[in-house]
Structures are given as structure tokens and as C-alpha cells.
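Notes follow once the structure below has been shown.
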Amino acid sequence: MAGDLDQQTLERELAGIAGPVRYVEETGSTNSDALDWAAEGAPEGAIVVAENQAAGRGRWGRSWESVPGTSLLFSLVLRPGPEAIGLLTTLAGVGCAAGIRALTGLEPGLKWPNDVILRDRKVAGILVETRVAGSEVTGAVVGIGLNVSSRPEDFSAEVSETATSLAVELEAAGRGGPLGRPALLAGILRQIDQRYREWAPQRLLGEATEKSIILGRSVRVRGPQGDVMEGVARRLTRTGALELEAGGTLAVVESGEVERLDAP
């Protein structure tokens, strides 16, 4: 697996799917690189791919752990209209899950707002970031980190309790090893690109609902300020928020960390 990513291979695999490609052995964050590139005028579809991130990040300032040669780490430049910004995370999750399914036969689920799940463990995370000038979004990047061949021992004790990889899940299913990372990246980008070009929000939300592992379940949601709500996750709104039923009333949650209360 290590060594299957390089500039020439990526340009060949992504021809006709993505825009210009920048491959780097190591960077601080592919999202930061992509945002800078977008500010310099990178076209929609431009993509940054890294073998390793020294300062990969997740939501709320958390770090993203990865081991060189075992992950797909990439950020895609998009220039959506204002009506689409709130659904970019949903788009990336659905596209990533569909790409994994098409290429491996595994059946990923989605945990709102930004996790791709296999057997109740996280196989991929999504981070959408934007830059704004005045009231206008000047660029958006969709960052995805996918564990391809990593093992539990590759991660910190805290992460190893909740993470998995395609290799681990394929072995558990009695199948062969995962595809090479360039083919996986091309497959995922193809699924994202198709949905982005069609841009059918209701259909996208329907796919996200079908793949959700929390809708209809009792959950606990921790907000960014430490506030906690418990209730039943009812649906995704047209902006990608979560509607939670708690105490007989409905609340719309824009951001949070979700824990299933009936999880195994």
C-alpha cells in the first residue's frame, strides 16, 4: 500500500474526474493547502492529496491521526452557491460511503454530521471549511481522511477504541485486501462529482437518511459549548441540520457530537 501514491499516478487515475492535482509527501493540512490554493484562483475540482499530515485536523480544533502509507488524505476545492454550503458535509459523506460500497462491497453508514461508519466504528471523517470575504464565500474545501490499511495499534489508545479501516473490515468480512489508494480516491471522487453536478438536495438528503445510523434512535448530542441534549434523532433538515425530538418538542441542532444511547 505504501508508495502507491505519486503525482503521475494520481493525474492518470483522476483524469476527467477531478481538476488539477497537487500531491505532496507531507504537509501540515490538506485543507489549509486547498484553501490557500482556492484563494490563489484554483478552479473548482482542484484537489490536494498528501501521504502524511503533520497537523491534520478534525472538527472543533481536534487533530486527525494518520500513519503514512495507510490512509487517503485529500481536500477538494468547490465553489458552490450559498444554498449548497450547508449540505457539503452531507454530500461528502454520501459520496464517500457510495464509493466505498461500489469498490469494496462493504456497507458504510453515516453518523451525523461528518463520520463514515463500518460496524459502529469510524472509517472516515469529513471536514468542510470555507473562507469568506465580506458576506461572500470565496472558496470551500471538502477534506476527507479515510483509513485504508491502518491497524488499531497504529492509533492512540483513545482513537483505537472507535476507529477501523477498510483492511480490517474486509478481513472481518472474509474478503481480500483493499484496492489501491488511487483507485479508491477516483471512485469516491466520481460519486461526489456526480451528485454535485446533478445537485438534487432532496435526493441527497434521502440517501443520507437511508445510510444514517442515528435517525429514529435515541441519542445524546453534545454541542460545541458543552451543552447536552437527549432525545430521538428524527430527520435531516434541508440545510443538513439534525432535528431532535426531546420532551415532546422538536429542536434543530446545527452542530454537535452524537452518541447513540442504544449503541452496542
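The way I read the labels, and the way they are meant: chains A, B, ... in the order of the C-alpha cells, residue 1 as the first residue of every chain, and ligand 1 as the first ligand shown, with later ones counted on from there.
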
How close does each residue of range 68-134 of chain A get to range 197-207 of chain A, giving the shortest atom pair and distance in Å to one decimal for every residue with an atom at most 8 Å away, counting only C-alpha atoms, sorted by chain and residue number, as a tab-separated table?
```
residue	atom	partner	partner_atom	distance
A:Leu87	CA	A:Pro201	CA	7.9
A:Thr90	CA	A:Leu205	CA	7.5
A:Leu91	CA	A:Leu204	CA	6.9
A:Val94	CA	A:Glu207	CA	6.8
```

Using the selection just defined, write its residues with all heavy atoms as an mmCIF file, in the first residue's frame.
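Resulting contents of out15.cif:
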```
data_model
loop_
_atom_site.group_PDB
_atom_site.id
_atom_site.type_symbol
_atom_site.label_atom_id
_atom_site.label_comp_id
_atom_site.auth_asym_id
_atom_site.auth_seq_id
_atom_site.Cartn_x
_atom_site.Cartn_y
_atom_site.Cartn_z
ATOM 1 N N LEU A 87 -24.937 21.745 2.847
ATOM 2 C CA LEU A 87 -25.064 20.327 2.522
ATOM 3 C C LEU A 87 -23.771 19.711 2.009
ATOM 4 O O LEU A 87 -23.770 18.556 1.596
ATOM 5 C CB LEU A 87 -26.171 20.132 1.475
ATOM 6 C CG LEU A 87 -27.607 20.287 1.978
ATOM 7 C CD1 LEU A 87 -28.586 20.144 0.821
ATOM 8 C CD2 LEU A 87 -27.928 19.264 3.066
ATOM 9 N N THR A 90 -22.857 16.654 4.018
ATOM 10 C CA THR A 90 -23.768 15.567 3.640
ATOM 11 C C THR A 90 -23.358 14.978 2.297
ATOM 12 O O THR A 90 -23.296 13.750 2.122
ATOM 13 C CB THR A 90 -25.211 16.077 3.570
ATOM 14 O OG1 THR A 90 -25.563 16.687 4.810
ATOM 15 C CG2 THR A 90 -26.179 14.950 3.261
ATOM 16 N N LEU A 91 -23.064 15.839 1.333
ATOM 17 C CA LEU A 91 -22.613 15.400 0.015
ATOM 18 C C LEU A 91 -21.374 14.525 0.121
ATOM 19 O O LEU A 91 -21.296 13.451 -0.476
ATOM 20 C CB LEU A 91 -22.308 16.624 -0.847
ATOM 21 C CG LEU A 91 -21.544 16.375 -2.149
ATOM 22 C CD1 LEU A 91 -22.430 15.682 -3.168
ATOM 23 C CD2 LEU A 91 -20.995 17.686 -2.711
ATOM 24 N N VAL A 94 -22.177 11.041 1.813
ATOM 25 C CA VAL A 94 -22.895 10.143 0.918
ATOM 26 C C VAL A 94 -21.971 9.655 -0.192
ATOM 27 O O VAL A 94 -21.947 8.463 -0.529
ATOM 28 C CB VAL A 94 -24.133 10.850 0.325
ATOM 29 C CG1 VAL A 94 -24.721 10.049 -0.825
ATOM 30 C CG2 VAL A 94 -25.183 11.072 1.412
#
```

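For Gln8 in chain A, the set of protein, DNA and RNA residues having any atom at most 12 Å away, when counting only C-alpha atoms and skipping those fewer than 6 positions along the same chain, is Leu14, Ala15, Pro20, Val21, Arg22, Tyr23, Val24 and Pro182 of chain A.
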
Next, dump the selected residues to file, keeping only N, CA and C atoms, as a PDB file, in the first residue's frame.
```pdb
ATOM      1  N   LEU A  14      -7.182  10.260 -11.999  1.00  0.00           N
ATOM      2  CA  LEU A  14      -8.228  11.265 -11.773  1.00  0.00           C
ATOM      3  C   LEU A  14      -8.576  12.058 -13.026  1.00  0.00           C
ATOM      4  N   ALA A  15      -7.969  11.712 -14.152  1.00  0.00           N
ATOM      5  CA  ALA A  15      -8.259  12.423 -15.401  1.00  0.00           C
ATOM      6  C   ALA A  15      -9.745  12.325 -15.722  1.00  0.00           C
ATOM      7  N   PRO A  20      -7.086  20.021 -11.542  1.00  0.00           N
ATOM      8  CA  PRO A  20      -5.650  19.848 -11.320  1.00  0.00           C
ATOM      9  C   PRO A  20      -5.378  19.204  -9.958  1.00  0.00           C
ATOM     10  N   VAL A  21      -4.304  18.428  -9.899  1.00  0.00           N
ATOM     11  CA  VAL A  21      -3.961  17.662  -8.700  1.00  0.00           C
ATOM     12  C   VAL A  21      -2.615  18.142  -8.167  1.00  0.00           C
ATOM     13  N   ARG A  22      -2.553  18.301  -6.873  1.00  0.00           N
ATOM     14  CA  ARG A  22      -1.267  18.555  -6.203  1.00  0.00           C
ATOM     15  C   ARG A  22      -1.032  17.431  -5.197  1.00  0.00           C
ATOM     16  N   TYR A  23       0.050  16.709  -5.386  1.00  0.00           N
ATOM     17  CA  TYR A  23       0.410  15.646  -4.446  1.00  0.00           C
ATOM     18  C   TYR A  23       1.637  16.071  -3.671  1.00  0.00           C
ATOM     19  N   VAL A  24       1.595  15.892  -2.353  1.00  0.00           N
ATOM     20  CA  VAL A  24       2.744  16.203  -1.505  1.00  0.00           C
ATOM     21  C   VAL A  24       3.000  15.030  -0.568  1.00  0.00           C
ATOM     22  N   PRO A 182      -5.091   5.083  -5.126  1.00  0.00           N
ATOM     23  CA  PRO A 182      -5.530   5.907  -6.264  1.00  0.00           C
ATOM     24  C   PRO A 182      -6.899   5.488  -6.800  1.00  0.00           C
TER      25      PRO A 182
END
```

Next item on the list: Using only C-alpha atoms, determine which residues lie at most 8 Å from Thr104 in chain A, disregarding the query and same-chain residues fewer than 3 positions distant; provide the list as a PyMOL selection string.
Entry: chain A and resi 100-101+170+178-179

Note to self: If I take CA of Ala97 in chain A and CA of Ala246 in chain A, how far is one from the other in Å, to one decimal?
What the structure shows: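 These atoms are spaced 29.2 Å apart.
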
Notebook entry, point to check: In Å to one decimal, how far is CA of Lys211 in chain A from CA of Gly99 in chain A?
Noted result: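 Between CA of Gly99 in chain A and CA of Lys211 in chain A the gap is 13.1 Å.
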
Distance table requested - range 70-129 of chain A against range 152-164 of chain A, cut-off 12 Å, only C-alpha atoms: one row per qualifying residue with the closest atom pair and its distance in Å to one decimal, ordered by chain and rising residue number, as a tab-separated table.
```
residue	atom	partner	partner_atom	distance
A:Thr70	CA	A:Asp154	CA	9.4
A:Ser71	CA	A:Asp154	CA	11.3
A:Pro108	CA	A:Thr164	CA	11.7
A:Asp115	CA	A:Ala163	CA	10.6
A:Val116	CA	A:Ala163	CA	10.4
A:Ile117	CA	A:Thr164	CA	8.6
A:Leu118	CA	A:Thr164	CA	7.5
A:Arg119	CA	A:Thr164	CA	8.7
A:Asp120	CA	A:Thr162	CA	7.9
A:Arg121	CA	A:Ala163	CA	5.1
A:Lys122	CA	A:Ala163	CA	4.7
A:Val123	CA	A:Thr164	CA	5.2
A:Ala124	CA	A:Ala163	CA	8.6
A:Gly125	CA	A:Ala163	CA	10.3
```

Next item on the list: Determine the nearest neighbour of Ile47 in chain A from the options A:Glu169, A:Gly19, A:Ile126, A:Ser212, counting only C-alpha atoms.
Entry: A:Gly19

Item checked: From A:Ala42, A:Val67, A:Leu103, A:Ile85, residue lying nearest Asn147 in chain A [only C-alpha atoms] -> A:Val67

Check: Could you work out how far CA of Gly139 in chain A lies from CA of Leu78 in chain A, giving the answer in Å with one decimal?
Finding: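 Taking CA of Leu78 in chain A as the start and CA of Gly139 in chain A as the end point, the length is 6.6 Å.
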